[in-house]
Amino acid sequence: MKKLPAICPACQNQLNIKKLSCQKCSTEIEGLFELPPLARLSVEDQEFTLQFVKCSGSLKEMARLLKLSYPTVRNQLDKIIEQIKDVENQE
Amino acid sequence: MVDDEIERGNQQKNALQQWLFNPFQFIAGGSALLIGLAITLITAYLGSLSNTHFDGVLDLHIGKAAPLWFFLTEVLIDWLCISVVLLIAGFIVSHSSFRIIDVFSTQALARAPYLFAAIAVMPKGFVRFAEYLASKAMQQAPTSTIQNSDALFFVLGTVVVILMLVWMVTLMYRAYSVSCNVKGGRAVGSFIAGLIIAEILSKTAIWQLAVRTGLL
C-alpha cells in the first residue's frame, strides 16, 4: 500500500482526507477529514516517532538503534515536538 | 551499477566529513568524555616534551620548562573553562533541555585536533627557530644557533597549528550546537561571546596558577 502523503506536491499546503473506503465491503465515506497531528509529520519523522514508542520512550535505546549520539536523537525529538505544537496551535 | 558505486562513494565521503567536522552526531556522553580527556591529556604530555604550553582555550605557545602536572593542569583548565561558559550560554539561549555531561564530553573531544598541533611543534628545529624569533623580538642574543632546516620546520609546524586551530574551533561550535540544541544566529553569537569569555578566564586562571606555584 502507498504511504499517506501529508503535504500537497503542487502547492506545499496541508492535505486533507476526502474519501475513505472499507477494503472488505467496499463501503465508501466521503467528506472532509483532517489528518491527525502525527500523520502530518514527514514519513521519516513518523518512523522516528513509531520507533520511539517501540523503545518505550528511551532516548538511549533509540540512540543505540539508530547509531546516533544521545543529544542528536533528543534534538530530533525536540524538532518533532515543535512541529506537533505548531500543528496544534494552527487548529 | 556505476551509479551505485558513485552513490556508495558519495555516502562514504559524507560519512567521513561528518566524522571529521561533526562527530557529535554519532558520539557524546561518557564515551566521548573518556576519549576526549585521554586525547587532551596525551596532548598535554606531548606538549611537555617540547615545552609547548596550552595556556588558554585557543592558545599554544613554546615557553618555559615546567613540571608535567602543570602542563596537564593547563589543558584541564582550558577544557573546564570553555565547558562551563558554554554550559551557562546553553542554559540562557537553548529552549531545549540537555544533559550537562554532553556539553563537557563533546568539548573534551573537540580539543582532539590540538594533538596533531602538539606533534607538529615537537621537532627540535621548530623549537629552536621559535626561540630564535623570540630572542630577536626581545632584542636579546639568541640562546641557540639555528640550522638551515629549522625555518622549514617552523613554517610547516605553524601551518599545521593554524589548520588545527580552525578545525578545533569548528568542532567546539558543532559540539555546542549539538549538545545544547542551538542553531542559527543565536548559536553563533552566544558561541563567539562564550569563546572570548572562556579565553580570558582560562588565561587568567593559568597565569594565577603559574604565579602562585612560583613557575612565573
# chains A, B, ... in the order shown; residues from 1 in each chain; ligands from 1
>>> residues_around(residues="stretch 68-79 of chain A", least_positions_apart="6", cutoff="8 Å", atoms="only C-alpha atoms", output="list in words")
Thr49, Leu59, Lys60 and Met62 of chain A; Phe24, Gln25, Phe26, Ile27, Ala28, Gly29, Ser96, Phe98, Arg99, Asp102, Val178, Ser179, Cys180 and Asn181 of chain B
>>> residues_around(residues="stretch 35-46 of chain A", least_positions_apart="6", cutoff="9 Å", atoms="only C-alpha atoms", output="list in words")
Lys3, Leu4, Pro5, Ala6, Ile7, Gln14, Leu15, Asn16, Ile17, Gln76, Leu77, Ile80, Gln83, Ile84, Lys85, Val87 and Glu88 of chain A
>>> residues_around(residues="B:Thr145", least_positions_apart="6", cutoff="12 Å", atoms="only C-alpha atoms", output="list of chain:residue names")
B:Lys124, B:Gly125, B:Val127, B:Arg128, B:Phe129, B:Ala130, B:Glu131, B:Tyr132, B:Leu133, B:Ser135
>>> select_by_dssp(residues="chain A", states="helix (DSSP H, G or I)", output="short mmCIF file (atom, residue, chain, number, x, y, z; two decimals) with N, CA, C and O atoms, in the first residue's frame")
data_model
loop_
_atom_site.label_atom_id
_atom_site.label_comp_id
_atom_site.auth_asym_id
_atom_site.auth_seq_id
_atom_site.Cartn_x
_atom_site.Cartn_y
_atom_site.Cartn_z
N PRO A 37 -2.50 15.01 13.96
CA PRO A 37 -1.18 15.67 14.00
C PRO A 37 0.00 14.75 13.64
O PRO A 37 0.88 15.15 12.88
N LEU A 38 0.00 13.52 14.14
CA LEU A 38 1.13 12.64 13.86
C LEU A 38 1.22 12.27 12.37
O LEU A 38 2.31 12.11 11.84
N ALA A 39 0.05 12.17 11.72
CA ALA A 39 0.03 11.81 10.30
C ALA A 39 0.50 12.98 9.43
O ALA A 39 0.77 12.80 8.24
N ARG A 40 0.57 14.16 10.02
CA ARG A 40 1.01 15.32 9.24
C ARG A 40 2.54 15.45 9.21
O ARG A 40 3.09 16.28 8.51
N VAL A 43 7.39 11.36 6.53
CA VAL A 43 7.48 9.91 6.70
C VAL A 43 8.62 9.55 7.67
O VAL A 43 8.46 8.71 8.55
N GLU A 44 9.76 10.26 7.53
CA GLU A 44 10.92 9.99 8.39
C GLU A 44 10.58 10.27 9.86
O GLU A 44 10.92 9.50 10.75
N ASP A 45 9.89 11.39 10.07
CA ASP A 45 9.54 11.75 11.46
C ASP A 45 8.50 10.79 12.03
O ASP A 45 8.53 10.48 13.22
N GLN A 46 7.59 10.31 11.17
CA GLN A 46 6.60 9.32 11.64
C GLN A 46 7.30 8.02 12.03
O GLN A 46 6.97 7.41 13.05
N GLU A 47 8.28 7.62 11.21
CA GLU A 47 9.02 6.39 11.52
C GLU A 47 9.81 6.55 12.81
O GLU A 47 9.89 5.64 13.63
N PHE A 48 10.39 7.75 13.00
CA PHE A 48 11.14 8.04 14.23
C PHE A 48 10.21 7.94 15.44
O PHE A 48 10.55 7.31 16.45
N THR A 49 9.01 8.53 15.33
CA THR A 49 8.06 8.53 16.44
C THR A 49 7.61 7.11 16.76
O THR A 49 7.54 6.73 17.94
N LEU A 50 7.36 6.32 15.72
CA LEU A 50 6.94 4.93 15.90
C LEU A 50 8.04 4.14 16.64
O LEU A 50 7.76 3.41 17.60
N GLN A 51 9.28 4.35 16.20
CA GLN A 51 10.42 3.67 16.82
C GLN A 51 10.58 4.10 18.27
O GLN A 51 10.88 3.28 19.14
N PHE A 52 10.35 5.38 18.51
CA PHE A 52 10.48 5.93 19.87
C PHE A 52 9.47 5.28 20.81
O PHE A 52 9.81 4.92 21.95
N VAL A 53 8.25 5.09 20.33
CA VAL A 53 7.21 4.44 21.15
C VAL A 53 7.60 2.98 21.40
O VAL A 53 7.49 2.49 22.52
N LYS A 54 8.09 2.32 20.34
CA LYS A 54 8.50 0.91 20.48
C LYS A 54 9.64 0.76 21.49
O LYS A 54 9.78 -0.28 22.12
N LEU A 59 15.42 7.37 25.01
CA LEU A 59 16.30 8.03 24.04
C LEU A 59 17.62 7.28 23.90
O LEU A 59 18.21 7.24 22.82
N LYS A 60 18.06 6.69 25.01
CA LYS A 60 19.32 5.93 24.98
C LYS A 60 19.19 4.74 24.04
O LYS A 60 20.09 4.46 23.25
N GLU A 61 18.05 4.05 24.15
CA GLU A 61 17.80 2.88 23.30
C GLU A 61 17.69 3.31 21.83
O GLU A 61 18.22 2.65 20.93
N MET A 62 17.03 4.45 21.61
CA MET A 62 16.90 4.99 20.25
C MET A 62 18.28 5.30 19.67
O MET A 62 18.55 5.02 18.51
N ALA A 63 19.12 5.93 20.49
CA ALA A 63 20.47 6.30 20.04
C ALA A 63 21.25 5.05 19.66
O ALA A 63 21.96 5.03 18.65
N ARG A 64 21.08 3.98 20.45
CA ARG A 64 21.79 2.73 20.18
C ARG A 64 21.28 2.12 18.86
O ARG A 64 22.07 1.69 18.02
N LEU A 65 19.96 2.12 18.68
CA LEU A 65 19.37 1.53 17.48
C LEU A 65 19.75 2.30 16.21
O LEU A 65 20.07 1.71 15.18
N LEU A 66 19.71 3.63 16.30
CA LEU A 66 19.96 4.47 15.12
C LEU A 66 21.46 4.75 14.91
O LEU A 66 21.84 5.40 13.94
N TYR A 70 23.22 10.48 21.81
CA TYR A 70 22.03 10.83 22.60
C TYR A 70 21.52 12.24 22.28
O TYR A 70 20.32 12.41 22.01
N PRO A 71 22.37 13.28 22.29
CA PRO A 71 21.83 14.63 22.00
C PRO A 71 21.26 14.76 20.59
O PRO A 71 20.30 15.51 20.39
N THR A 72 21.83 14.04 19.62
CA THR A 72 21.29 14.11 18.25
C THR A 72 19.87 13.56 18.20
O THR A 72 18.98 14.16 17.59
N VAL A 73 19.65 12.43 18.88
CA VAL A 73 18.31 11.83 18.92
C VAL A 73 17.35 12.75 19.68
O VAL A 73 16.22 12.96 19.25
N ARG A 74 17.83 13.30 20.78
CA ARG A 74 16.97 14.19 21.57
C ARG A 74 16.61 15.45 20.76
O ARG A 74 15.46 15.92 20.81
N ASN A 75 17.56 15.98 19.99
CA ASN A 75 17.28 17.15 19.14
C ASN A 75 16.23 16.83 18.08
O ASN A 75 15.38 17.67 17.78
N GLN A 76 16.32 15.62 17.53
CA GLN A 76 15.34 15.18 16.53
C GLN A 76 13.94 15.12 17.16
O GLN A 76 12.97 15.58 16.57
N LEU A 77 13.89 14.61 18.39
CA LEU A 77 12.60 14.52 19.09
C LEU A 77 12.06 15.93 19.39
O LEU A 77 10.86 16.19 19.21
N ASP A 78 12.95 16.82 19.79
CA ASP A 78 12.54 18.21 20.06
C ASP A 78 11.95 18.85 18.81
O ASP A 78 10.98 19.60 18.89
N LYS A 79 12.55 18.55 17.66
CA LYS A 79 12.07 19.10 16.38
C LYS A 79 10.65 18.60 16.10
O LYS A 79 9.77 19.37 15.68
N ILE A 80 10.42 17.32 16.35
CA ILE A 80 9.08 16.74 16.13
C ILE A 80 8.07 17.34 17.11
O ILE A 80 6.95 17.67 16.72
N ILE A 81 8.48 17.53 18.36
CA ILE A 81 7.58 18.14 19.37
C ILE A 81 7.17 19.54 18.91
O ILE A 81 6.01 19.92 18.99
N GLU A 82 8.16 20.29 18.39
CA GLU A 82 7.87 21.65 17.90
C GLU A 82 6.85 21.61 16.76
O GLU A 82 5.93 22.42 16.72
N GLN A 83 7.04 20.66 15.85
CA GLN A 83 6.12 20.54 14.71
C GLN A 83 4.71 20.21 15.19
O GLN A 83 3.73 20.77 14.69
N ILE A 84 4.59 19.29 16.16
CA ILE A 84 3.26 18.91 16.67
C ILE A 84 2.61 20.10 17.37
O ILE A 84 1.42 20.36 17.21
N LYS A 85 3.43 20.86 18.12
CA LYS A 85 2.89 22.06 18.81
C LYS A 85 2.38 23.08 17.79
O LYS A 85 1.34 23.70 17.99
N ASP A 86 3.14 23.24 16.69
CA ASP A 86 2.72 24.17 15.63
C ASP A 86 1.38 23.76 15.04
O ASP A 86 0.51 24.58 14.80
N VAL A 87 1.26 22.43 14.78
CA VAL A 87 0.00 21.90 14.22
C VAL A 87 -1.15 22.17 15.18
O VAL A 87 -2.22 22.61 14.77
N GLU A 88 -0.92 21.92 16.47
CA GLU A 88 -1.97 22.11 17.48
C GLU A 88 -2.36 23.59 17.58
O GLU A 88 -3.52 23.92 17.77
N ASN A 89 -1.37 24.46 17.44
CA ASN A 89 -1.65 25.90 17.52
C ASN A 89 -2.46 26.39 16.31
O ASN A 89 -3.22 27.34 16.42
N GLN A 90 -2.24 25.72 15.17
CA GLN A 90 -2.98 26.11 13.96
C GLN A 90 -4.45 25.74 14.06
O GLN A 90 -5.30 26.35 13.42
#
>>> residues_around(residues="stretch 198-208 of chain B", least_positions_apart="6", cutoff="12 Å", atoms="only C-alpha atoms", output="ChimeraX atom specification")
/B:53-60,70-89,190-192,214-216
>>> atom_distance(atom1="atom CA of B:Leu195", atom2="atom CA of B:Phe21")
18.3 Å
>>> closest_residue(among="A:Ile29, A:Lys67, A:Glu91, A:Gln23", to="B:Pro23", atoms="only C-alpha atoms")
A:Lys67
>>> residues_around(residues="B:Gln107", least_positions_apart="2", cutoff="7 Å", atoms="only C-alpha atoms", output="ChimeraX atom specification")
/B:79,83,103-105,109-111,172,175
>>> closest_residue(among="B:Ala118, B:Ile100, B:Leu20, B:Leu37", to="chain A", atoms="only C-alpha atoms")
B:Ile100
>>> atom_distance(atom1="atom CA of B:Thr106", atom2="atom CA of B:Ala15")
18.4 Å
>>> residues_around(residues="A:Gly31", least_positions_apart="4", cutoff="9 Å", atoms="only C-alpha atoms", output="mmCIF file with C-alpha atoms, in the first residue's frame")
data_model
loop_
_atom_site.group_PDB
_atom_site.id
_atom_site.type_symbol
_atom_site.label_atom_id
_atom_site.label_comp_id
_atom_site.auth_asym_id
_atom_site.auth_seq_id
_atom_site.Cartn_x
_atom_site.Cartn_y
_atom_site.Cartn_z
ATOM 1 C CA ILE A 17 -8.771 13.310 3.503
ATOM 2 C CA LYS A 18 -11.791 13.425 1.223
ATOM 3 C CA LYS A 19 -12.719 9.780 0.840
ATOM 4 C CA LEU A 20 -12.378 6.656 2.983
#
>>> closest_residue(among="B:Ser177, B:Thr213, B:Gln11, B:Gln17", to="chain A", atoms="only C-alpha atoms")
B:Ser177
